[in-house]
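Structure file run-v4.cif; described as mmCIF, C-alpha atoms.
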```
data_run
loop_
_atom_site.label_atom_id
_atom_site.label_comp_id
_atom_site.auth_asym_id
_atom_site.auth_seq_id
_atom_site.Cartn_x
_atom_site.Cartn_y
_atom_site.Cartn_z
CA MET A 13 77.07 65.27 97.33
CA THR A 14 75.42 65.64 93.98
CA ASP A 15 74.75 63.08 91.32
CA ILE A 16 77.07 64.13 88.49
CA THR A 17 74.97 62.37 85.88
CA ASN A 18 72.43 65.19 86.05
CA LEU A 19 74.46 68.02 87.61
CA ALA A 20 74.80 71.42 85.89
CA LEU A 21 77.90 73.27 87.07
CA ASN A 22 79.28 75.83 84.67
CA HIS A 23 79.55 79.53 83.91
CA ASP A 24 80.32 80.29 87.53
CA VAL A 25 82.98 82.68 88.78
CA ILE A 26 84.74 81.19 91.79
CA VAL A 27 87.25 83.55 93.32
CA GLY A 28 90.56 82.37 94.63
CA ARG A 29 90.25 78.73 93.65
CA LEU A 30 91.93 76.72 90.90
CA ALA A 31 90.38 75.40 87.69
CA SER A 32 92.26 72.16 88.28
CA SER A 33 90.03 71.51 91.29
CA TYR A 34 86.83 71.68 89.30
CA THR A 35 85.10 69.71 86.57
CA ASP A 36 82.46 71.07 84.25
CA TYR A 37 79.08 69.43 84.16
CA PRO A 38 77.58 68.38 81.89
CA GLY A 39 80.50 67.24 79.79
CA GLY A 40 83.06 66.34 82.43
CA ALA A 41 85.84 68.65 81.23
CA SER A 42 88.64 68.79 83.78
CA PRO A 43 90.25 71.15 84.57
CA SER A 44 87.21 73.34 84.19
CA THR A 45 87.05 75.53 81.11
CA ALA A 46 83.43 76.64 81.44
CA SER A 47 83.84 78.46 84.75
CA TRP A 48 86.37 81.11 85.74
CA PHE A 49 88.73 81.40 88.67
CA PRO A 50 90.15 84.89 89.14
CA PRO A 51 92.56 85.10 92.08
CA GLN A 52 91.17 88.40 93.37
CA VAL A 53 87.87 90.23 93.61
CA VAL A 54 89.39 93.72 93.41
CA CYS A 55 90.86 95.13 90.19
CA THR A 56 94.11 97.03 90.58
CA THR A 57 93.43 99.35 87.64
CA ALA A 58 90.41 101.11 86.19
CA MET A 59 90.06 98.37 83.59
CA TRP A 60 89.02 94.76 84.18
CA ASP A 61 91.61 92.03 83.72
CA SER A 62 91.49 88.28 84.24
CA ASN A 63 92.86 88.59 87.78
CA CYS A 64 89.70 90.24 89.12
CA ILE A 65 85.94 90.45 88.73
CA GLY A 66 85.21 94.07 87.90
CA PHE A 67 82.72 95.30 90.47
CA SER A 68 82.38 99.03 89.91
CA GLY A 69 82.99 99.65 93.62
CA MET A 70 86.18 97.62 93.66
CA MET A 71 88.10 98.99 90.71
CA ASN A 72 91.40 100.83 90.50
CA ASP A 73 92.65 99.78 93.93
CA PRO A 74 96.30 98.61 93.97
CA THR A 75 95.92 97.73 97.65
CA LEU A 76 93.29 95.06 96.80
CA THR A 77 91.04 96.16 99.66
CA TYR A 78 88.03 93.87 99.71
CA GLN A 79 84.70 95.70 100.22
CA PRO A 80 82.08 93.32 101.64
CA SER A 81 79.63 95.97 102.79
CA LEU A 82 79.51 98.91 100.44
CA THR A 83 76.96 101.47 101.60
CA ASP A 84 75.49 101.56 98.08
CA TYR A 85 74.88 98.13 96.60
CA HIS A 86 75.30 99.63 93.15
CA GLY A 87 78.99 99.24 93.81
CA TYR A 88 78.38 95.57 93.01
CA VAL A 89 77.26 96.39 89.48
CA LEU A 90 79.80 95.09 87.01
CA ASP A 91 82.01 97.72 85.44
CA SER A 92 81.57 98.21 81.72
CA SER A 93 85.02 96.76 81.12
CA SER A 94 84.23 93.48 82.93
CA ALA A 95 84.17 90.39 80.73
CA TYR A 96 81.43 88.98 82.97
CA LYS A 97 78.88 91.51 81.69
CA ALA A 98 76.25 90.56 79.13
CA GLY A 99 77.94 90.49 75.77
CA GLY A 100 81.37 90.05 77.33
CA SER A 101 83.74 87.23 76.54
CA ARG A 102 82.82 85.58 79.83
CA GLN A 103 79.09 86.19 79.90
CA ALA A 104 76.58 83.84 81.55
CA SER A 105 75.11 80.79 79.86
CA ASP A 106 71.95 82.72 79.05
CA GLY A 107 73.77 85.69 77.56
CA GLN A 108 73.23 87.87 80.62
CA GLN A 109 75.80 89.05 83.14
CA VAL A 110 77.21 86.50 85.54
CA GLY A 111 75.76 87.00 89.01
CA ALA A 112 72.82 89.12 90.01
CA ASN A 113 71.28 91.67 87.70
CA ILE A 114 71.36 94.75 89.93
CA GLY A 115 69.16 96.63 87.49
CA ASP A 116 66.45 94.02 87.91
CA ILE A 117 66.73 94.43 91.68
CA ASP A 118 66.28 98.19 91.28
CA THR A 119 63.25 97.60 89.11
CA ALA A 120 61.72 95.16 91.57
CA LEU A 121 62.26 97.59 94.46
CA THR A 122 60.41 100.38 92.69
CA LEU A 123 57.56 98.38 91.20
CA ASN A 124 54.14 99.26 92.52
CA GLN A 125 52.37 96.56 90.56
CA TYR A 126 53.37 93.01 89.84
CA SER A 127 52.27 91.57 86.52
CA CYS A 128 52.37 87.84 86.15
CA SER A 129 54.30 86.58 83.15
CA SER A 130 51.71 83.80 82.83
CA ALA A 131 48.21 83.27 84.12
CA CYS A 132 48.21 83.51 87.90
CA GLY A 133 44.85 85.03 88.83
CA THR A 134 42.99 88.27 88.31
CA GLY A 135 45.91 90.64 88.94
CA PRO A 136 47.98 92.73 88.57
CA TYR A 137 47.73 93.74 92.18
CA PRO A 138 49.26 96.77 93.88
CA ASN A 139 52.54 95.81 95.41
CA ASN A 140 52.02 97.51 98.78
CA MET B 14 58.99 55.15 98.08
CA SER B 15 58.33 55.76 94.39
CA PRO B 16 59.71 54.37 91.13
CA GLY B 17 62.79 56.41 90.23
CA ASP B 18 63.94 56.94 93.81
CA LEU B 19 67.45 55.89 94.71
CA VAL B 20 67.23 52.93 97.07
CA ASP B 21 69.88 52.49 99.72
CA ILE B 22 69.89 48.94 101.10
CA GLN B 23 71.84 47.95 104.20
CA THR B 24 72.11 45.13 106.76
CA CYS B 25 70.78 42.33 104.54
CA PHE B 26 71.57 38.80 105.70
CA ARG B 27 73.08 38.20 102.27
CA HIS B 28 75.37 41.17 102.03
CA LYS B 29 75.47 41.08 98.24
CA PHE B 30 72.11 42.81 98.32
CA ASN B 31 73.54 45.75 100.23
CA THR B 32 74.48 49.06 98.66
CA LEU B 33 78.26 49.26 98.47
CA TRP B 34 80.46 51.66 100.40
CA ARG B 35 83.49 53.56 99.22
CA SER B 36 86.51 55.39 100.54
CA GLY B 37 87.40 57.04 97.22
CA GLY B 38 85.72 57.40 93.89
CA THR B 39 85.47 53.66 93.32
CA CYS B 40 82.83 51.57 95.02
CA SER B 41 85.15 48.98 96.46
CA GLY B 42 82.77 47.82 99.12
CA THR B 43 84.46 49.39 102.12
CA GLY B 44 84.83 52.92 103.36
CA SER B 45 82.88 55.64 105.09
CA PHE B 46 80.67 56.82 102.25
CA ARG B 47 77.79 55.07 100.62
CA CYS B 48 77.77 54.51 96.90
CA LYS B 49 74.78 55.54 94.88
CA GLY B 50 71.91 53.13 95.44
CA THR B 51 69.98 51.29 92.81
CA LEU B 52 66.77 52.70 91.35
CA ALA B 53 63.32 51.72 92.48
CA ILE B 54 61.50 50.44 89.42
CA ALA B 55 57.93 49.75 88.34
CA GLY B 56 56.08 47.73 90.90
CA THR B 57 57.26 49.91 93.75
CA ASP B 58 54.22 51.07 95.67
CA PRO B 59 54.36 54.75 96.70
CA ASN B 60 51.60 54.10 99.21
CA GLY B 61 52.75 50.77 100.54
CA LEU B 62 55.74 48.78 101.65
CA THR B 63 56.67 47.14 98.34
CA VAL B 64 59.99 48.21 96.85
CA VAL B 65 61.19 46.65 93.60
CA THR B 66 64.77 46.95 92.35
CA LEU B 67 66.92 45.12 89.84
CA ASN B 68 69.06 42.38 91.32
CA ALA B 69 72.46 42.02 89.72
CA GLY B 70 73.15 38.96 91.82
CA PRO B 71 74.79 36.67 92.66
CA ASP B 72 72.51 36.14 95.67
CA THR B 73 68.89 35.35 94.93
CA THR B 74 67.74 34.27 98.36
CA GLY B 75 68.27 35.42 101.90
CA ILE B 76 66.66 38.82 101.52
CA THR B 77 66.05 39.22 105.20
CA GLY B 78 67.02 41.84 107.71
CA CYS B 79 67.36 44.56 105.08
CA GLN B 80 66.94 48.21 105.93
CA VAL B 81 65.71 50.17 102.92
CA SER B 82 65.83 53.94 102.59
CA ASN B 83 65.23 56.56 99.94
CA GLU B 84 67.38 59.06 101.82
CA GLN B 85 69.62 59.38 98.80
CA GLY B 86 68.54 61.45 95.83
CA PHE B 87 67.36 64.53 97.67
CA PRO B 88 67.11 67.44 97.25
CA GLN B 89 65.80 67.18 93.72
CA ALA B 90 65.73 69.84 91.01
CA TYR B 91 67.43 72.43 93.22
CA SER B 92 68.67 75.39 91.24
CA VAL B 93 71.00 78.24 92.20
CA ARG B 94 71.46 80.69 89.35
CA HIS B 95 72.59 84.30 88.98
CA TRP B 96 73.58 84.79 92.58
CA THR B 97 76.20 87.35 93.54
CA ILE B 98 77.76 86.24 96.79
CA ILE B 99 79.70 88.82 98.80
CA GLY B 100 80.92 88.61 102.35
CA THR B 101 83.73 88.22 104.77
CA PHE B 102 84.06 84.92 106.55
CA LEU B 103 86.11 84.17 109.59
CA LYS B 104 88.72 81.54 109.04
CA GLY B 105 88.08 78.73 111.47
CA ASN B 106 89.95 75.71 112.69
CA GLY B 107 89.67 73.69 109.53
CA THR B 108 86.04 72.75 109.89
CA ASN B 109 84.59 76.23 109.91
CA TYR B 110 85.94 77.76 106.74
CA ALA B 111 83.58 79.49 104.39
CA GLN B 112 81.85 77.23 101.93
CA ILE B 113 79.29 78.00 99.30
CA PRO B 114 77.06 76.07 98.94
CA SER B 115 76.92 74.91 102.52
CA CYS B 116 77.37 71.29 103.47
CA SER B 117 75.03 68.45 104.05
CA SER B 118 75.53 66.02 106.89
CA VAL B 119 74.13 63.21 104.74
CA ASP B 120 76.05 61.67 101.87
CA THR B 121 73.27 62.02 99.35
CA TYR B 122 73.14 62.08 95.57
CA ALA B 123 71.08 65.20 94.94
CA GLN B 124 69.32 64.94 91.61
CA ASN B 125 69.20 67.60 88.91
CA PHE B 126 71.19 70.14 90.91
CA THR B 127 72.07 73.31 89.05
CA PHE B 128 74.73 75.80 90.12
CA GLN B 129 75.21 78.10 87.19
CA ASP B 130 75.94 81.73 86.28
CA ASN B 131 76.86 82.63 89.84
CA LEU B 132 79.44 85.09 90.97
CA VAL B 133 81.01 83.66 94.08
CA ALA B 134 83.11 86.49 95.45
CA PRO B 135 83.76 86.33 99.16
CA ASN B 136 87.08 87.51 100.48
CA PRO B 137 89.47 85.06 98.79
CA THR B 138 91.68 85.03 101.88
CA ASN B 139 89.14 82.94 103.77
CA TYR B 140 87.27 81.14 101.02
CA ILE B 141 87.94 77.46 100.40
CA GLY B 142 85.62 76.57 97.57
CA LEU B 143 82.48 74.63 96.85
CA LYS B 144 83.08 71.49 98.85
CA CYS B 145 82.82 70.58 102.49
CA GLN B 146 86.07 68.72 102.78
CA GLY B 147 88.27 70.60 100.33
CA ASP B 148 87.12 72.35 97.19
CA GLY B 149 86.29 70.82 93.89
CA THR B 150 83.52 68.90 92.23
CA PRO B 151 82.78 65.26 93.02
CA LYS B 152 85.34 64.03 90.52
CA GLU B 153 88.13 65.74 92.42
CA GLN B 154 86.87 65.08 95.91
CA PRO B 155 84.94 61.82 95.73
CA PRO B 156 84.77 61.11 99.45
CA SER B 157 83.31 64.48 100.31
CA ARG B 158 79.98 66.16 100.12
CA ILE B 159 78.72 69.24 98.38
#
```
Go through the file and emit its structure as structure tokens.
Amino acid sequence: MTDITNLALNHDVIVGRLASSYTDYPGGASPSTASWFPPQVVCTTAMWDSNCIGFSGMMNDPTLTYQPSLTDYHGYVLDSSSAYKAGGSRQASDGQQVGANIGDIDTALTLNQYSCSSACGTGPYPNN
Amino acid sequence: MSPGDLVDIQTCFRHKFNTLWRSGGTCSGTGSFRCKGTLAIAGTDPNGLTVVTLNAGPDTTGITGCQVSNEQGFPQAYSVRHWTIIGTFLKGNGTNYAQIPSCSSVDTYAQNFTFQDNLVAPNPTNYIGLKCQGDGTPKEQPPSRI
């Protein structure tokens, strides 16, 4: 259990659950209004709607086939129509996309040097 | 134990010193889950055996036989942010459903926990939410654990 006096729980997307089961923290709003609860992961059309998330690899599928192991993880990039993208009506608390930034993962995978954002030694060092 | 730790007190001869128990959201004194303990305050020795807490009374004597623990309050400052969670979980027998985050076997009061900006997207057919014993935040499921 968490101590709700200093818990931060908001701006999450929780699939298949109900807002009435969740309270926002801080603030204590119930039902939750600061997180989102789409019933499905998969979007039935080529455009995002509030019933789905908007993964690019799970768009335009009327059969709602869930794809837990896409061969290319870029299928988990949010479609441009998704409200959960940066700048969307349901963006993250920091103005970025909700969830992982796949572009940052790509960048990290191809970096050959790591530069510290603050003092951390005499680097940068080759990342190999 | 250090000042600021949550102090769980049990088995005192004078039971008024004990941390209360609860069966729902209200600390009625009975139930299966411990209420949040009182705070250790200045005078508590991190390197010794002295623990100082406020005493709301009414007992002022008989502080014997007490078991004192700082088990509550951990983990501290644990943050989960910007995760995308994908996967298929097998639906179990009621105790083995998919939960994110996973459960703790100890009824703690984790401090400064952050779960924010995450995209929790397992197969909705088998997903039952953020709590161990039914989904919801502590307000909705007070007897359960996150």
Check: Which is closer to Pro71 (chain B) than all the others in B:Thr127, B:Asn139, B:Asn31, B:Ser92, using all atoms listed in the file?
Finding: B:Asn31
Notebook entry, point to check: What residues in chain A lie within 6 Å of chain B, counting only C-alpha atoms, written as a ChimeraX atom specification?
Noted result: /A:13-15,18-28,33-35,80,104,110-112
Next item on the list: For the structure provided, state which residues fall under the PyMOL selection byres ((chain B and resi 19) around 7), and present them as a PyMOL selection string.
Entry: chain B and resi 17-18+20-21+50-53+83+85-86
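Here CA of Thr45 (chain A) stands at a distance of 25.5 Å from CA of Thr57 (chain A).
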Checklist line | Which of B:Thr32, B:Thr39, B:Thr57, B:Ser82 sits closest to Pro16 (chain B) [using all atoms listed in the file] | finding: B:Thr57
Note to self: I want to know what sits within 8 Å of Gly66 (chain A), based on all atoms listed in the file, with residues of the same chain fewer than 2 positions away left out; could you give that as a ChimeraX atom specification?
What the structure shows: /A:53-55,59-61,64,68,70-71,90-91,93-94
Note to self: Between CA of Gly75 (chain B) and CA of Ser36 (chain B), what is the distance in Å, rounded to a tenth?
What the structure shows: 27.1 Å
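CA of Arg35 (chain B) is positioned 27.6 Å from CA of Thr63 (chain B).
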Please return the centre and edge lengths, in Å to one decimal, of a box with edges along x, y and z that contains all listed atoms of region 82-93 of chain B, widened by 3 Å on every side, as lines of an AutoDock Vina configuration file.
```
center_x = 68.1
center_y = 66.1
center_z = 96.8
size_x = 11.8
size_y = 30.3
size_z = 17.6
```
